[in-house]
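Below is one structure, written out as structure tokens, with a few remarks after it.
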Amino acid sequence: MNEPNPAMQLATDYLESTNTLVFLTGKAGTGKTTFLQNLRQTSNKKLAVVAPTGVAAINAGGMTIHSLFQLPFGLIIPGSIAQPELTYSDEKKALLSSLELLIIDEISMVRPDVLDQVDLILRNIKDNSFPFGGVQLLLIGDLSQLSPIIRDEEWMVLSRYYATPYFFSSLVLQKAAYVRIELDKVYRQKEQAFVDILNEVRNQTISEHSLALLNEHYVPGFKPSADDPYITLTTHNTITQQINTEFITALAGESVEYKATIKGDFPKDAYPTDESLLLKIGAQVMFVKNDSSAEKRYYNGKMGTVTGVTTDAVTVRSGSQEIEVQALEWTNVKYQMAGDEMSETNAGTFAQIPLKLAWSITIHKSQGLTFDKAIIDVSEAFTHGQAYVALSRCRSLAGIILRNPIAAENIIGDPAVARFNEHARLLQPDREQLLNDQENYRRFLLSDLFNFNGLAKRAEKFSYMVPDLQPTIIDIAKRSAGQLAGYDNVRIQKAAAYFHSKLTAMTEQLHQQLPDFIAQSKDNAAKADELINWLLGRLPLLEYFANAEFTTEAYLKLQNQKSEKSDYLRALTAPVNEVLYQQILDWRAVTAAQEKIMPNMLLSEKTAATIAEKLPATIKALSAIKGVGPQKASQYGSDLIGLIRTFQGLDGDQSSLF
């Protein structure tokens, strides 16, 4: 993929120099995943990658959207919870507060209520009313592929708020400006004949000739040998279960049966795995639930092979990892509407070993994957995009075997998607629009410089110490906000100088009066820490732009520079062994830069302070610290314990790390 690709370059320019929302789409195999991976390596923005399912998240190198934002798996009614972020830890708030770019992969499967909840959370955490709090979103996916999974009874509730179950019907995207950039060069499939067939399937315009070419790959009764790397993709769980049963029956050895415990109302079509799960050593399996423990040993969609079975546990080897699992529980949440009010109840539970056989998987589980050899059955396709997703998982026609012939009626589309795609073509930007959006980004950053919502919220408890905060500073800032776009550089400099003077005086006043207040409680100290840090983060920006032209480049460079706490606040909040603490933060910064992740995703400052205080001597002791866990301890333990031993003046012997 070294040849020039104008669409990819345009997307890159948008993501580097604007905060415009970008919907990056394109046919299967056009390089959307490759673009994502390259962006992670090259972007200067603090970014996070999420996806709607565990499989998609791992493929994208991120986490699930529900995990990052701690979302419930049930429906989320707009406006039902005003501040969902109140339950977040300080580390989570700090991570999301520093976020500049959120990438959502496989966006076609994201419901509109989920996107609206992400918008609400980011606006609250960023103290900014701009869509998503000013965080740029990159939405990657193909609406011709799989749709969100919403049951009929769920859609009865959601349809009160949304026109369709797709992300583009979210309330936030009805008011947020965004662009659609389509990648059009296919990289996955090299055969032009196969590319042409996939295009026809995608557009629901398949010709008799293309159908005939596909159906040449129908092989009645085809059964691969045990060492032939075929995976079967089917439309229904029942067909997948039948195929998996045939394979496990052919395995030698005794099977062990695990029976689910079902309480209350839990519909059969919602069972995450078999009610009666038969497993043998050697069985190919897939996890069907995310590991909720700190270790995160498995995720929904992780594949492996059974290596051990007991009456109440199963051991699975995945790569070099041995994972033992016992039964876990799922809940069935039901929603009831009384007028405009909604109530939520726990109607039932399903408890079972979180595994299912995986010689065959459903087409839904295959989205985002690529196969050299696949047995495909879309003869019972029942929803939008199934046939296209299944066929486009394959690199070539030669790698496809059809279990049943494909008919034109097996290729199903959604009129709502067709209407959106027709409209969205008008959203394809050109270079002139890019220049306009770059200027809009500059104006947004200018408004962010004078956005004092965060100050008002943090200073609320200290209002008696800073009596001129309201109405003078906040009100003037709010009145100025609507006029910023028309300010020339001289007026911007005067405004920056004015607010710098006011905030400097406020900071000095706080320093004089805080000791007695902070002495009252740790909670007061924490709130004072937040307030002073906000002020110290904003003052250098105001000081700089009181004397220099406001530009996007200058603002971003200054914003990303590390703000130092005042000597006074440092003395109040300094962690034990501060020299080591700073060394850990320096190591964190270097490692995070190398891995292209935000530093808080590696270790929070609170966790770094705990490590500096407790001085763990072994990887096991390090893993016990909250915020580290076995996985991070295994990955980074030798570095961290090396820092600790150097700090203690010990030798570098690694023999006793464990």
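FYI, nothing fancy with the structure tokens labels: chains A, B, ... in order, residues from 1 per chain, ligands from 1 as they appear.
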Counting only C-alpha atoms, which residues of segment 206-252 of chain A sit at most 12 Å from some atom of segment 257-276 of chain A, and what is each one's closest atom pair with its distance in Å to one decimal, listed by chain and rising residue number, as a tab-separated table?
```
residue	atom	partner	partner_atom	distance
A:His236	CA	A:Asp269	CA	10.5
A:Asn237	CA	A:Asp269	CA	9.2
A:Thr238	CA	A:Asp274	CA	10.1
A:Thr240	CA	A:Asp274	CA	11.4
A:Gln241	CA	A:Asp274	CA	8.6
A:Gln242	CA	A:Asp274	CA	11.6
A:Asn244	CA	A:Asp274	CA	11.5
A:Thr245	CA	A:Asp274	CA	11.3
```
Could you turn the residues from that selection into a file that holds C-alpha atoms, as an mmCIF file, in the first residue's frame?
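What landed in part_25.cif:
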```cif
data_model
loop_
_atom_site.group_PDB
_atom_site.id
_atom_site.type_symbol
_atom_site.label_atom_id
_atom_site.label_comp_id
_atom_site.auth_asym_id
_atom_site.auth_seq_id
_atom_site.Cartn_x
_atom_site.Cartn_y
_atom_site.Cartn_z
ATOM 1 C CA HIS A 236 -27.626 -18.710 12.391
ATOM 2 C CA ASN A 237 -26.333 -20.028 15.688
ATOM 3 C CA THR A 238 -28.252 -23.276 15.140
ATOM 4 C CA THR A 240 -23.035 -23.188 13.636
ATOM 5 C CA GLN A 241 -23.915 -25.460 16.566
ATOM 6 C CA GLN A 242 -24.656 -28.368 14.225
ATOM 7 C CA ASN A 244 -19.415 -27.753 15.809
ATOM 8 C CA THR A 245 -21.227 -30.807 17.175
#
```
Could you give me, as a VMD selection string, the residues within 9 Å of segment 189-199 of chain A, counting only C-alpha atoms and dropping anything in the same chain fewer than 3 positions from it? chain A and resid 27 to 29 186 202 to 207 210 to 211 213 to 214 388 391 to 392 394 to 397
Write a file of the selected residues as an mmCIF file, in the first residue's frame, keeping C-alpha atoms.
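So the final result, stored in out17.cif, reads:
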```cif
data_model
loop_
_atom_site.group_PDB
_atom_site.id
_atom_site.type_symbol
_atom_site.label_atom_id
_atom_site.label_comp_id
_atom_site.auth_asym_id
_atom_site.auth_seq_id
_atom_site.Cartn_x
_atom_site.Cartn_y
_atom_site.Cartn_z
ATOM 1 C CA LYS A 27 -15.689 -1.321 0.733
ATOM 2 C CA ALA A 28 -14.294 -4.324 2.572
ATOM 3 C CA GLY A 29 -10.542 -4.614 1.982
ATOM 4 C CA VAL A 186 -9.364 -2.527 -2.770
ATOM 5 C CA ARG A 202 -22.563 -4.603 -1.562
ATOM 6 C CA ASN A 203 -24.896 -2.548 -3.757
ATOM 7 C CA GLN A 204 -27.569 -5.294 -4.029
ATOM 8 C CA THR A 205 -27.202 -5.261 -7.831
ATOM 9 C CA ILE A 206 -25.736 -8.715 -8.417
ATOM 10 C CA SER A 207 -26.028 -9.999 -11.983
ATOM 11 C CA SER A 210 -21.815 -12.981 -11.014
ATOM 12 C CA LEU A 211 -24.200 -15.319 -9.192
ATOM 13 C CA LEU A 213 -19.458 -17.416 -10.841
ATOM 14 C CA LEU A 214 -20.104 -17.573 -7.103
ATOM 15 C CA TYR A 388 -21.525 -9.168 1.875
ATOM 16 C CA LEU A 391 -17.972 -13.171 1.185
ATOM 17 C CA SER A 392 -15.705 -10.174 1.788
ATOM 18 C CA CYS A 394 -12.087 -14.011 2.015
ATOM 19 C CA ARG A 395 -9.010 -12.970 0.091
ATOM 20 C CA SER A 396 -9.988 -14.794 -3.110
ATOM 21 C CA LEU A 397 -12.728 -16.713 -4.856
#
```
Could you find all residues in segment 267-501 of chain A that DSSP calls strand (DSSP E or B) from the backbone, and write them as a VMD selection string? chain A and resid 276 to 279 284 to 287 303 to 309 314 to 318 321 to 325 328 to 338 341 to 352 355 to 357 360 to 362 371 374 to 377 394 400 to 402
I'd like to know which residues of segment 266-376 of chain A are alpha helix (DSSP H) (by DSSP, run on the backbone); could you write them as a PyMOL selection string? chain A and resi 363-366
Take the residues from that selection and write them out as a PDB file, in the first residue's frame, keeping N, CA and C atoms.
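Result file is part.pdb:
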```pdb
ATOM      1  N   ILE A 363     -21.587 -15.245  11.101  1.00  0.00           N
ATOM      2  CA  ILE A 363     -21.046 -14.152  10.288  1.00  0.00           C
ATOM      3  C   ILE A 363     -20.844 -12.908  11.143  1.00  0.00           C
ATOM      4  N   HIS A 364     -21.746 -12.700  12.094  1.00  0.00           N
ATOM      5  CA  HIS A 364     -21.627 -11.525  12.966  1.00  0.00           C
ATOM      6  C   HIS A 364     -20.296 -11.530  13.712  1.00  0.00           C
ATOM      7  N   LYS A 365     -19.864 -12.717  14.180  1.00  0.00           N
ATOM      8  CA  LYS A 365     -18.596 -12.815  14.914  1.00  0.00           C
ATOM      9  C   LYS A 365     -17.387 -12.653  13.998  1.00  0.00           C
ATOM     10  N   SER A 366     -17.602 -12.765  12.683  1.00  0.00           N
ATOM     11  CA  SER A 366     -16.456 -12.727  11.755  1.00  0.00           C
ATOM     12  C   SER A 366     -16.117 -11.326  11.282  1.00  0.00           C
TER      13      SER A 366
END
```
Which residues, written as number ranges by chain, have at least one atom at most 9 Å from Val179 of chain A, with only C-alpha atoms counted and residues fewer than 6 positions away on the same chain left out? A: 20-24, 424, 426-429
Taking C-alpha atoms for each residue, export the selection above as a PDB file, in the first residue's frame.
```
ATOM      1  CA  THR A  20     -13.873  17.818  12.580  1.00  0.00           C
ATOM      2  CA  LEU A  21     -15.669  14.502  13.008  1.00  0.00           C
ATOM      3  CA  VAL A  22     -14.607  12.096  10.243  1.00  0.00           C
ATOM      4  CA  PHE A  23     -16.635   9.128   9.010  1.00  0.00           C
ATOM      5  CA  LEU A  24     -14.097   6.987   7.148  1.00  0.00           C
ATOM      6  CA  ALA A 424     -23.715  11.323   2.689  1.00  0.00           C
ATOM      7  CA  LEU A 426     -22.563  15.316  -0.345  1.00  0.00           C
ATOM      8  CA  LEU A 427     -20.386  15.236   2.787  1.00  0.00           C
ATOM      9  CA  GLN A 428     -17.230  14.245   0.869  1.00  0.00           C
ATOM     10  CA  PRO A 429     -14.845  17.185   1.510  1.00  0.00           C
TER      11      PRO A 429
END
```
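As for atom CA of Lys457 of chain A and atom CA of Pro540 of chain A, they are spaced 20.4 Å apart.
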Excluding Glu324 of chain A and any residue of its chain fewer than 2 positions from it, enumerate the residues within 10 Å of it, using only C-alpha atoms, and give them as a list in words. Arg297, Val306, Thr307, Gly308, Val309, Ala313, Val314, Thr315, Val316, Arg317, Gln321, Glu322 and Gln326 of chain A
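Between Ala554 of chain A and the residues A:Lys620, A:Arg538, A:Lys478, A:Arg442, the shortest atom-to-atom distance, using only C-alpha atoms, involves A:Arg442.
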May I have a table of the residues of segment 61-110 of chain A lying at most 12 Å from segment 624-639 of chain A, giving each one's closest pair of atoms and their distance in Å to one decimal, counting only C-alpha atoms, ordered by chain and ascending residue number, as a tab-separated table?
```
residue	atom	partner	partner_atom	distance
A:Ser89	CA	A:Gly627	CA	11.1
A:Asp90	CA	A:Gly627	CA	11.8
A:Glu91	CA	A:Gly627	CA	9.2
A:Lys92	CA	A:Gly627	CA	11.0
```
So that I can see what lies close to Tyr487 of chain A, please list as a PyMOL selection string the residues with an atom at most 12 Å from it, counting only C-alpha atoms and leaving out residues fewer than 5 positions away in the same chain. chain A and resi 443+446-447+480-482+492-496+549-550
Which polymer residues have any atom within 10 Å of an atom of Tyr230 of chain A, counting only C-alpha atoms, with same-chain residues fewer than 4 positions away left out, as a compact mmCIF listing (two decimals) with all heavy atoms, in the first residue's frame?
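Dumped to result_37.txt:
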```txt
# COMPACT_ATOMS: atom_id res chain seq x y z
N LYS A 223 -16.39 -31.55 3.38
CA LYS A 223 -15.93 -31.62 4.77
C LYS A 223 -14.41 -31.53 4.78
O LYS A 223 -13.74 -32.42 4.26
CB LYS A 223 -16.38 -32.92 5.43
CG LYS A 223 -17.88 -33.01 5.69
CD LYS A 223 -18.24 -34.23 6.51
CE LYS A 223 -19.74 -34.32 6.74
NZ LYS A 223 -20.25 -33.18 7.51
N PRO A 224 -13.86 -30.48 5.35
CA PRO A 224 -12.40 -30.36 5.40
C PRO A 224 -11.81 -31.39 6.35
O PRO A 224 -12.46 -31.83 7.30
CB PRO A 224 -12.19 -28.94 5.91
CG PRO A 224 -13.41 -28.65 6.72
CD PRO A 224 -14.53 -29.37 6.04
N SER A 225 -10.56 -31.74 6.11
CA SER A 225 -9.87 -32.65 7.03
C SER A 225 -9.49 -31.89 8.29
O SER A 225 -9.57 -30.66 8.34
CB SER A 225 -8.62 -33.22 6.36
OG SER A 225 -7.73 -32.17 6.01
N ALA A 226 -9.06 -32.60 9.31
CA ALA A 226 -8.75 -31.99 10.61
C ALA A 226 -7.64 -30.96 10.50
O ALA A 226 -7.60 -29.99 11.28
CB ALA A 226 -8.36 -33.08 11.61
N TRP A 359 -15.33 -24.30 15.64
CA TRP A 359 -14.92 -24.70 14.29
C TRP A 359 -15.74 -23.91 13.28
O TRP A 359 -15.33 -23.69 12.16
CB TRP A 359 -15.15 -26.20 14.09
CG TRP A 359 -14.12 -27.07 14.74
CD1 TRP A 359 -12.85 -27.30 14.30
CD2 TRP A 359 -14.29 -27.82 15.95
NE1 TRP A 359 -12.21 -28.16 15.17
CE2 TRP A 359 -13.07 -28.50 16.19
CE3 TRP A 359 -15.33 -27.99 16.85
CZ2 TRP A 359 -12.87 -29.33 17.28
CZ3 TRP A 359 -15.14 -28.83 17.94
CH2 TRP A 359 -13.92 -29.49 18.16
N SER A 360 -16.91 -23.49 13.73
CA SER A 360 -17.75 -22.62 12.92
C SER A 360 -18.17 -21.43 13.79
O SER A 360 -18.37 -21.57 15.00
CB SER A 360 -19.01 -23.37 12.45
OG SER A 360 -19.92 -22.49 11.83
N PHE A 371 -9.86 -14.29 6.12
CA PHE A 371 -9.55 -15.72 6.04
C PHE A 371 -9.03 -16.06 4.65
O PHE A 371 -9.46 -15.49 3.64
CB PHE A 371 -10.81 -16.56 6.32
CG PHE A 371 -11.48 -16.25 7.62
CD1 PHE A 371 -12.74 -15.68 7.64
CD2 PHE A 371 -10.85 -16.51 8.83
CE1 PHE A 371 -13.38 -15.38 8.84
CE2 PHE A 371 -11.48 -16.22 10.03
CZ PHE A 371 -12.74 -15.65 10.03
N ASP A 372 -8.09 -17.01 4.62
CA ASP A 372 -7.64 -17.54 3.33
C ASP A 372 -8.60 -18.60 2.81
O ASP A 372 -8.80 -18.73 1.60
CB ASP A 372 -6.24 -18.14 3.47
CG ASP A 372 -5.18 -17.07 3.69
OD1 ASP A 372 -5.21 -16.05 2.97
OD2 ASP A 372 -4.34 -17.24 4.59
N LYS A 373 -9.19 -19.37 3.75
CA LYS A 373 -10.12 -20.44 3.37
C LYS A 373 -11.34 -20.40 4.28
O LYS A 373 -11.20 -20.42 5.50
CB LYS A 373 -9.45 -21.81 3.48
CG LYS A 373 -8.31 -22.05 2.49
CD LYS A 373 -7.78 -23.46 2.63
CE LYS A 373 -6.71 -23.77 1.60
NZ LYS A 373 -6.22 -25.17 1.72
N ALA A 374 -12.51 -20.35 3.66
CA ALA A 374 -13.73 -20.31 4.46
C ALA A 374 -14.85 -21.06 3.75
O ALA A 374 -14.97 -21.01 2.52
CB ALA A 374 -14.16 -18.88 4.73
N ILE A 375 -15.63 -21.77 4.55
CA ILE A 375 -16.85 -22.40 4.05
C ILE A 375 -17.99 -21.45 4.43
O ILE A 375 -18.17 -21.14 5.60
CB ILE A 375 -17.06 -23.78 4.69
CG1 ILE A 375 -15.84 -24.68 4.42
CG2 ILE A 375 -18.34 -24.44 4.18
CD1 ILE A 375 -15.82 -25.96 5.23
N ILE A 376 -18.74 -21.02 3.44
CA ILE A 376 -19.74 -19.97 3.66
C ILE A 376 -21.14 -20.50 3.36
O ILE A 376 -21.35 -21.19 2.37
CB ILE A 376 -19.42 -18.74 2.78
CG1 ILE A 376 -18.11 -18.10 3.25
CG2 ILE A 376 -20.56 -17.73 2.81
CD1 ILE A 376 -17.63 -16.97 2.37
N GLY A 399 -10.55 -19.35 -2.38
CA GLY A 399 -10.59 -19.78 -0.98
C GLY A 399 -11.98 -20.00 -0.44
O GLY A 399 -12.15 -20.33 0.74
N ILE A 400 -13.00 -19.86 -1.30
CA ILE A 400 -14.39 -19.98 -0.86
C ILE A 400 -14.97 -21.33 -1.25
O ILE A 400 -14.83 -21.78 -2.39
CB ILE A 400 -15.25 -18.86 -1.47
CG1 ILE A 400 -14.84 -17.50 -0.90
CG2 ILE A 400 -16.74 -19.10 -1.23
CD1 ILE A 400 -15.58 -16.33 -1.53
N ILE A 401 -15.64 -21.96 -0.30
CA ILE A 401 -16.49 -23.12 -0.56
C ILE A 401 -17.89 -22.75 -0.08
O ILE A 401 -18.06 -22.28 1.05
CB ILE A 401 -16.00 -24.38 0.18
CG1 ILE A 401 -14.61 -24.79 -0.31
CG2 ILE A 401 -17.00 -25.52 0.03
CD1 ILE A 401 -14.58 -25.33 -1.72
```
List as number ranges by chain the protein and nucleic acid residues near Thr249 of chain A, meaning an atom at most 12 Å away when only C-alpha atoms are counted, but skip any in the same chain fewer than 6 places from it. A: 242-243, 255, 278-283, 357
Once you have the residues from the selection above, write them out as a CSV table (one decimal), in the first residue's frame, restricted to N, CA and C atoms.
```
chain,number,residue,atom,x,y,z
A,242,GLN,N,-24.6,-27.1,14.9
A,242,GLN,CA,-24.7,-28.4,14.2
A,242,GLN,C,-23.3,-28.7,13.7
A,243,ILE,N,-22.6,-27.8,13.1
A,243,ILE,CA,-21.3,-28.1,12.5
A,243,ILE,C,-20.3,-28.3,13.6
A,255,SER,N,-16.3,-36.6,26.7
A,255,SER,CA,-16.8,-35.3,26.8
A,255,SER,C,-17.3,-35.0,28.2
A,278,LEU,N,-21.1,-29.2,25.7
A,278,LEU,CA,-20.2,-30.4,25.7
A,278,LEU,C,-18.8,-30.0,25.2
A,279,LEU,N,-17.8,-30.3,26.0
A,279,LEU,CA,-16.4,-30.0,25.7
A,279,LEU,C,-15.5,-31.2,25.9
A,280,LYS,N,-14.5,-31.3,25.0
A,280,LYS,CA,-13.5,-32.3,25.1
A,280,LYS,C,-12.1,-31.6,25.0
A,281,ILE,N,-11.1,-32.3,25.5
A,281,ILE,CA,-9.7,-31.9,25.3
A,281,ILE,C,-9.5,-31.9,23.8
A,282,GLY,N,-8.9,-30.8,23.3
A,282,GLY,CA,-8.7,-30.7,21.8
A,282,GLY,C,-9.8,-29.9,21.1
A,283,ALA,N,-10.8,-29.5,21.8
A,283,ALA,CA,-11.9,-28.8,21.1
A,283,ALA,C,-11.5,-27.3,20.9
A,357,LEU,N,-18.1,-23.7,21.2
A,357,LEU,CA,-17.3,-24.4,20.2
A,357,LEU,C,-17.1,-23.4,19.0
```
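If only C-alpha atoms are the atoms counted, then among A:Tyr178, A:Phe382, A:Phe167, A:Phe287 the closest residue to Ala358 of chain A is A:Phe287.
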Using only C-alpha atoms, can you tell me which of A:Ser159, A:Arg403, A:Met63, A:Leu146 comes closest to Tyr298 of chain A? A:Met63
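Our summary of the geometry notes that atom CA of Thr53 of chain A is positioned 25.7 Å from atom CA of Ala82 of chain A.
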So, with only C-alpha atoms as the atoms that count, which of A:Leu402, A:Ala381, A:Leu158, A:Leu585 lies closest to Pro220 of chain A? A:Leu402
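Between atom CA of Tyr166 of chain A and atom CA of Leu143 of chain A lies a distance of 8.7 Å.
Proximity to Glu154 of chain A was assessed for A:Leu101, A:Val219, A:Val110, A:Ile76 counting only C-alpha atoms; the smallest distance is recorded for A:Ile76.
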